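Visitor: What follows is a single structure, and I will ask about it in a moment.
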Amino acid sequence: MLLAVLLPVPATSVGADVVIAVNANVPINNISFGELRRIFLGERQFWSSNLRISVLMHAPVAREREVLLKTVYEMSEAQFRQHWIGKVFRAEASSAPQTFYSDEEILGALASIPGSIAAVEAARIPRGLKVIKVDGHLPGEAGYRLR
Amino acid sequence: MKLLMKSSMILICLGLLRMPAPVLAQAPNSAESNDLIKALLARVEQLEKRVAELEGRPAPSPTPAPEAPEAVAPPQPPEAPPSPPEAPPGEPVTAPQVHMGHPDEQGSAPVSHIAGFSDLNFSTTDRHGARSGFNEGQFVLHLNSRLSSKVVFFGELSFSARTDAGTGLPPATGFNAEVERAMVRFDQSDYLKVSFGRYHTPINYWNMTFHHGQWLQTTASRPEMVQFGGSFLPIHFVGTLVEGVLPASGLNLNYNLGLGNGRSSVISRAGDWGDINNNRAWLVTLFSRPNRPYGLQFGGSVYRDKITPIAGREFREWIQTAHLVWQKENPELIAEFSNVSHQEVGGPSQSNSQAWYVQLGYRLPGLQKLWKPYYRFEYIHIPAGDTLFRAVPSLAGSTIGVRYDISSFAALKLEYRNQRRPGEPRVNGAFAQTSFTF
């Protein structure tokens with residue numbers, strides 16, 4: 001099972017799905033869509049008491065960001081910005097998700113930042129990066145929602 | 001600029017080093033060149049990290065230094081870097097923020113992030129004796145700093161225009177500075193966070209959500225029950241808070257437990273310098289943001305305090321509040337209710353005062369979703385026997401308006417208010433506000 005999670009997802013089977021990838025030290029292989037939403041909203045901030053979650057996101061117009069905004073946040077770009085400005089202003093978070101301008105950058109950060117999580121297009125996932133299931137589904141499977 | 005010049009110089013040097021063999025053949029020897037290349041590559045990597053820090057982005061992952069070339073190969077055309085996705089024209093990608101501090105290379109000094117909010121207003125009413133005109137709203141600075149992976153500091157400073165804040169006699173107009181919030185918090189986990197400081201009392205949704213960021217709220221004005229400088233609810237709380245969130249099978253139950261100084265002798269103020277009596281105020285707040293339906297929040301609070309408005313008279317205060325919120329914008333719904341009970345210690349005075357409001361908004365789907373009309377009805381009932389709230393008038397009022405988002409970080413709001421207080425004529429007013437974050 002673990003091997004299946006660590007292996008790259010075959011691009012031919014997933015179309016334009018977006019996968020949820022995490023740093024190798026994140027101690028889960030599956031997450032519910034509700035928890036995933038709470039993480040990206042900044043409402044859940046810890047994997048465990050000694051591992052803080054770092055949310056990484058592509059810059060605007062990237063497809064991964066659009067999929068997250070549409071399916072997870074259910075917000076426009078402006079609403080997303082207001083959400084995070086409010087979150088920081090309410091002292092509920094100390095910063096908005098880190099923004100990256102290229103796949104290389106975000107994949108590099110995923111590999112090096114403990115507790116990091118990001119959405120990446122399935123076709124661009126390199127071998128060895130840890131991909132987690134959402135509601136028990138991998139990209140390409142029926143019921144997978146991040147597309 | 002200095003950094004750019006340095007980078008340019010290094011790149012020029014690198015370019016020269018990568019020139020074809022006949023040119024490099026003039027170099028004294030290849031070993032020195034290789035050392036120089038290594039040193040320059042290391043320097044370029046340092047500068048890339050520094051640029052990334054200044055841009056607020058993580059540094060690119062370090063690339064292994066290439067082996068020193070055995071022989072200089074002909075120059076290859078550089079690989080085109082991946083083009084960054086375009087941001088919407090004219091809009092910065094991230095929220096405006098200033099980073100301050102002196103991080104050293106080990107990151108051992110904290111870096112502070114500053115953001116701000118402000119608003120400018122125009123008002124005109126038919127209240128007898130009122131003057132129309134412009135006025136400057138609050139100028140608010142928000143600071144946060146991560147002191148370690150588990151300790152964070154948050155602060156909020158406001159500068160408010162007042163008629164009597166200046167010097168001289170009679171006092172000139174000016175600005176009052178106030179520390180609205182200042183707290184240091186230890187985050188053990190999502191379940192447990194402990195903080196000490198000055199807060200906006202977490203017994204009211206509006207007070208907990210919008211603070212002094214006028215731009216964050218849909219309307220130009222706050223409900224009267226949580227008006228800044230108002231007395232109905234204690235706006236500030238000085239003490240300690242324990243908070244967290246429990247999953248509770250998708251209910252996501254948030255809690256706040258607070259112990260603090262409570263109200264001062266001037267009941268609109270918190271006990272900043274110390275408690276007015278030997279009785280601590282305490283509060284319990286529970287609210288839920290369930291996974292389904294996404295956007296719903298509901299909860300309630302209780303707050304208990306003993307107030308000493310003047311020496312020799314003491315009142316016990318009980319506050320119960322409840323809120324129901326639909327956080328999406330099509331529609332947006334905020335409804336809150338508060339009941340405040342006062343019982344004089346050793347005296348006959350006992351009273352119950354209530355306040356509630358319901359606000360509805362709707363982000364219009366057309367016109368690039370920039371327009372959001374809204375309506376709010378609010379009601380405050382203060383019985384004549386409420387000695388502590390003698391200066392708080394009852395109220396029934398409607399607010400109707402529209403918000404237009406000029407950009408992702410600025411809004412224009414036009415508002416009409418109609419308010420009626422007992423024994424006074426009905427007051428109509430028109431208000432315009434531009435609010436923004438920077």
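Letters A, B, ... go to the chains of the structure tokens in the order shown; residues in each chain start at 1; ligands are counted from 1 in the same order.
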Using DSSP secondary structure from the backbone, list all strand (DSSP E or B) positions within chain A, as a ChimeraX atom specification.

Guide: /A:18-22,30-31,46-48,51-52,54-58,98-100,116-121,130-134,137

Visitor: So that I can check the secondary structure, give me every residue of range 191-233 of chain B assigned helix (DSSP H, G or I) by backbone DSSP, as a PyMOL selection string.

Guide: chain B and resi 205-209+224-226

Visitor: Using only C-alpha atoms, can you tell me which of B:Gln368, B:Ile406, B:Glu314, B:Leu412 comes closest to Gly346 in chain B?

Guide: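 For Gly346 in chain B, the nearest of the candidates is B:Glu314.
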
Visitor: Got a sec: who's within 12 Å of Glu35 in chain A, counting only C-alpha atoms, leaving out chain neighbours fewer than 6 positions off, as JSON, numbers by chain?

Guide: {"A": [28, 41, 42, 43, 44, 45, 46, 47, 72, 134, 135], "B": [247, 249, 250, 251, 252, 290, 291, 292, 294]}

Visitor: Would you list the contacts of Ser398 in chain B as a PyMOL selection string, taking every protein, DNA or RNA residue within 8 Å and counting only C-alpha atoms, but skipping same-chain residues closer than 5 positions in sequence?

Guide: chain B and resi 375-378+417-419

Visitor: With only C-alpha atoms as the basis for distance, which of A:Met75, A:Ile125, A:Arg90, A:Ile113 is at the shortest distance from Trp206 in chain B?

Guide: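 Checking each candidate against Trp206 in chain B, we get A:Arg90 as the closest.
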
Visitor: Grab the CA of Phe40 in chain A to CA of Ile53 in chain A distance for me, in Å with one decimal place.

Guide: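 These atoms are spaced 9.6 Å apart.
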
Visitor: Report, in Å with one decimal, the straight-line distance from CA of Thr71 in chain A to CA of Pro97 in chain A.

Guide: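 Between CA of Thr71 in chain A and CA of Pro97 in chain A the gap works out to 17.1 Å.
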
Visitor: Can you tell me how far CA of Asn279 in chain B sits from CA of Asp305 in chain B, in Å to one decimal?

Guide: 7.2 Å

Visitor: For Ser32 in chain A, please output as a list in words all residues within 10 Å (counting only C-alpha atoms; exclusion window: fewer than 5 positions along the same chain).

Guide: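 Near neighbours after the sequence-gap exclusion: Arg37, Arg38, Lys133, Val134, Asp135, Gly136 and His137 of chain A.
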
Visitor: Can you write out the residues you just picked, keeping all heavy atoms, as a compact mmCIF listing (two decimals), in the first residue's frame?

Guide:
# COMPACT_ATOMS: atom_id res chain seq x y z
N ARG A 37 -9.74 20.25 3.15
CA ARG A 37 -10.25 21.63 3.06
C ARG A 37 -9.82 22.43 4.29
O ARG A 37 -9.39 23.57 4.18
CB ARG A 37 -11.77 21.59 2.95
CG ARG A 37 -12.42 22.95 2.97
CD ARG A 37 -13.90 22.84 2.76
NE ARG A 37 -14.25 22.80 1.35
CZ ARG A 37 -15.35 22.22 0.88
NH1 ARG A 37 -16.20 21.65 1.69
NH2 ARG A 37 -15.61 22.25 -0.41
N ARG A 38 -9.90 21.81 5.47
CA ARG A 38 -9.50 22.52 6.69
C ARG A 38 -8.02 22.88 6.66
O ARG A 38 -7.61 23.94 7.14
CB ARG A 38 -9.81 21.67 7.92
CG ARG A 38 -11.32 21.53 8.18
CD ARG A 38 -11.58 20.80 9.49
NE ARG A 38 -11.09 21.56 10.60
CZ ARG A 38 -10.27 21.10 11.54
NH1 ARG A 38 -9.85 19.86 11.50
NH2 ARG A 38 -9.85 21.88 12.51
N LYS A 133 -3.91 9.77 -0.82
CA LYS A 133 -5.27 9.58 -1.34
C LYS A 133 -6.20 10.62 -0.71
O LYS A 133 -5.96 11.07 0.41
CB LYS A 133 -5.77 8.18 -1.00
CG LYS A 133 -5.01 7.06 -1.69
CD LYS A 133 -5.61 5.72 -1.28
CE LYS A 133 -4.95 4.57 -2.03
NZ LYS A 133 -5.52 3.27 -1.62
N VAL A 134 -7.25 10.93 -1.43
CA VAL A 134 -8.27 11.83 -0.90
C VAL A 134 -9.57 11.04 -0.84
O VAL A 134 -10.04 10.54 -1.88
CB VAL A 134 -8.43 13.09 -1.78
CG1 VAL A 134 -9.53 13.98 -1.22
CG2 VAL A 134 -7.11 13.84 -1.87
N ASP A 135 -10.11 10.90 0.35
CA ASP A 135 -11.30 10.06 0.56
C ASP A 135 -11.07 8.64 0.02
O ASP A 135 -11.99 8.01 -0.53
CB ASP A 135 -12.54 10.68 -0.12
CG ASP A 135 -13.11 11.83 0.69
OD1 ASP A 135 -12.90 11.86 1.91
OD2 ASP A 135 -13.77 12.70 0.09
N GLY A 136 -9.85 8.17 0.10
CA GLY A 136 -9.54 6.81 -0.34
C GLY A 136 -9.33 6.67 -1.83
O GLY A 136 -9.14 5.55 -2.32
N HIS A 137 -9.32 7.77 -2.55
CA HIS A 137 -9.18 7.69 -4.01
C HIS A 137 -7.87 8.33 -4.47
O HIS A 137 -7.46 9.36 -3.96
CB HIS A 137 -10.33 8.42 -4.70
CG HIS A 137 -11.68 7.84 -4.39
ND1 HIS A 137 -12.05 6.57 -4.74
CD2 HIS A 137 -12.74 8.38 -3.74
CE1 HIS A 137 -13.28 6.34 -4.33
NE2 HIS A 137 -13.72 7.42 -3.70

Visitor: Using only C-alpha atoms, which residue out of A:Gly128, A:Pro139, A:Pro114, A:Gly108 lies closest to Val26 in chain A?

Guide: A:Pro114

Visitor: As a list of chain:residue names, please: the residues near Phe159 in chain B (cut-off 10 Å, only C-alpha atoms, same-chain neighbours under 2 positions excluded).

Guide: B:Ser118, B:Gly137, B:Gln138, B:Phe139, B:Val140, B:Leu141, B:Leu157, B:Ala161, B:Arg162, B:Gly174, B:Phe175, B:Asn176, B:Ala177, B:Glu178, B:Val179, B:Glu180

Visitor: Output N, CA and C atoms for every residue in that selection, as a PDB file, in the first residue's frame.

Guide:
ATOM      1  N   SER B 118      -7.058  50.896   6.683  1.00  0.00           N
ATOM      2  CA  SER B 118      -7.516  52.254   6.960  1.00  0.00           C
ATOM      3  C   SER B 118      -8.779  52.516   6.160  1.00  0.00           C
ATOM      4  N   GLY B 137     -11.037  57.670   9.037  1.00  0.00           N
ATOM      5  CA  GLY B 137     -11.309  56.532   9.918  1.00  0.00           C
ATOM      6  C   GLY B 137     -10.043  56.132  10.646  1.00  0.00           C
ATOM      7  N   GLN B 138     -10.048  54.940  11.165  1.00  0.00           N
ATOM      8  CA  GLN B 138      -8.876  54.496  11.910  1.00  0.00           C
ATOM      9  C   GLN B 138      -7.741  54.120  10.957  1.00  0.00           C
ATOM     10  N   PHE B 139      -6.553  54.385  11.406  1.00  0.00           N
ATOM     11  CA  PHE B 139      -5.343  53.949  10.711  1.00  0.00           C
ATOM     12  C   PHE B 139      -4.788  52.817  11.574  1.00  0.00           C
ATOM     13  N   VAL B 140      -4.803  51.615  11.033  1.00  0.00           N
ATOM     14  CA  VAL B 140      -4.522  50.437  11.852  1.00  0.00           C
ATOM     15  C   VAL B 140      -3.294  49.703  11.319  1.00  0.00           C
ATOM     16  N   LEU B 141      -2.395  49.379  12.207  1.00  0.00           N
ATOM     17  CA  LEU B 141      -1.223  48.575  11.835  1.00  0.00           C
ATOM     18  C   LEU B 141      -1.299  47.238  12.548  1.00  0.00           C
ATOM     19  N   LEU B 157      -2.228  48.003  16.349  1.00  0.00           N
ATOM     20  CA  LEU B 157      -2.186  49.382  16.825  1.00  0.00           C
ATOM     21  C   LEU B 157      -3.173  50.197  16.020  1.00  0.00           C
ATOM     22  N   ALA B 161      -8.748  59.405  14.764  1.00  0.00           N
ATOM     23  CA  ALA B 161      -8.926  60.863  14.772  1.00  0.00           C
ATOM     24  C   ALA B 161      -9.931  61.239  15.856  1.00  0.00           C
ATOM     25  N   ARG B 162      -9.580  62.225  16.656  1.00  0.00           N
ATOM     26  CA  ARG B 162     -10.482  62.688  17.717  1.00  0.00           C
ATOM     27  C   ARG B 162     -10.451  64.212  17.776  1.00  0.00           C
ATOM     28  N   GLY B 174      -6.643  65.730  16.762  1.00  0.00           N
ATOM     29  CA  GLY B 174      -5.431  64.930  16.560  1.00  0.00           C
ATOM     30  C   GLY B 174      -5.767  63.463  16.525  1.00  0.00           C
ATOM     31  N   PHE B 175      -4.774  62.655  16.759  1.00  0.00           N
ATOM     32  CA  PHE B 175      -4.961  61.201  16.701  1.00  0.00           C
ATOM     33  C   PHE B 175      -4.606  60.574  18.043  1.00  0.00           C
ATOM     34  N   ASN B 176      -5.464  59.672  18.460  1.00  0.00           N
ATOM     35  CA  ASN B 176      -5.187  58.867  19.648  1.00  0.00           C
ATOM     36  C   ASN B 176      -4.569  57.549  19.226  1.00  0.00           C
ATOM     37  N   ALA B 177      -3.465  57.201  19.844  1.00  0.00           N
ATOM     38  CA  ALA B 177      -2.857  55.891  19.566  1.00  0.00           C
ATOM     39  C   ALA B 177      -3.324  54.903  20.624  1.00  0.00           C
ATOM     40  N   GLU B 178      -3.587  53.684  20.210  1.00  0.00           N
ATOM     41  CA  GLU B 178      -4.063  52.668  21.153  1.00  0.00           C
ATOM     42  C   GLU B 178      -3.525  51.291  20.755  1.00  0.00           C
ATOM     43  N   VAL B 179      -3.097  50.551  21.748  1.00  0.00           N
ATOM     44  CA  VAL B 179      -2.748  49.145  21.501  1.00  0.00           C
ATOM     45  C   VAL B 179      -4.055  48.357  21.582  1.00  0.00           C
ATOM     46  N   GLU B 180      -4.577  47.979  20.445  1.00  0.00           N
ATOM     47  CA  GLU B 180      -5.861  47.283  20.429  1.00  0.00           C
ATOM     48  C   GLU B 180      -5.700  45.831  20.844  1.00  0.00           C
TER      49      GLU B 180
END

Visitor: For Ala111 in chain A, which residue out of A:Ser54, A:Ile31, A:Ser95, A:Phe80 is the nearest one, using only C-alpha atoms?

Guide: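 Smallest distance to Ala111 in chain A is found for A:Ser54.
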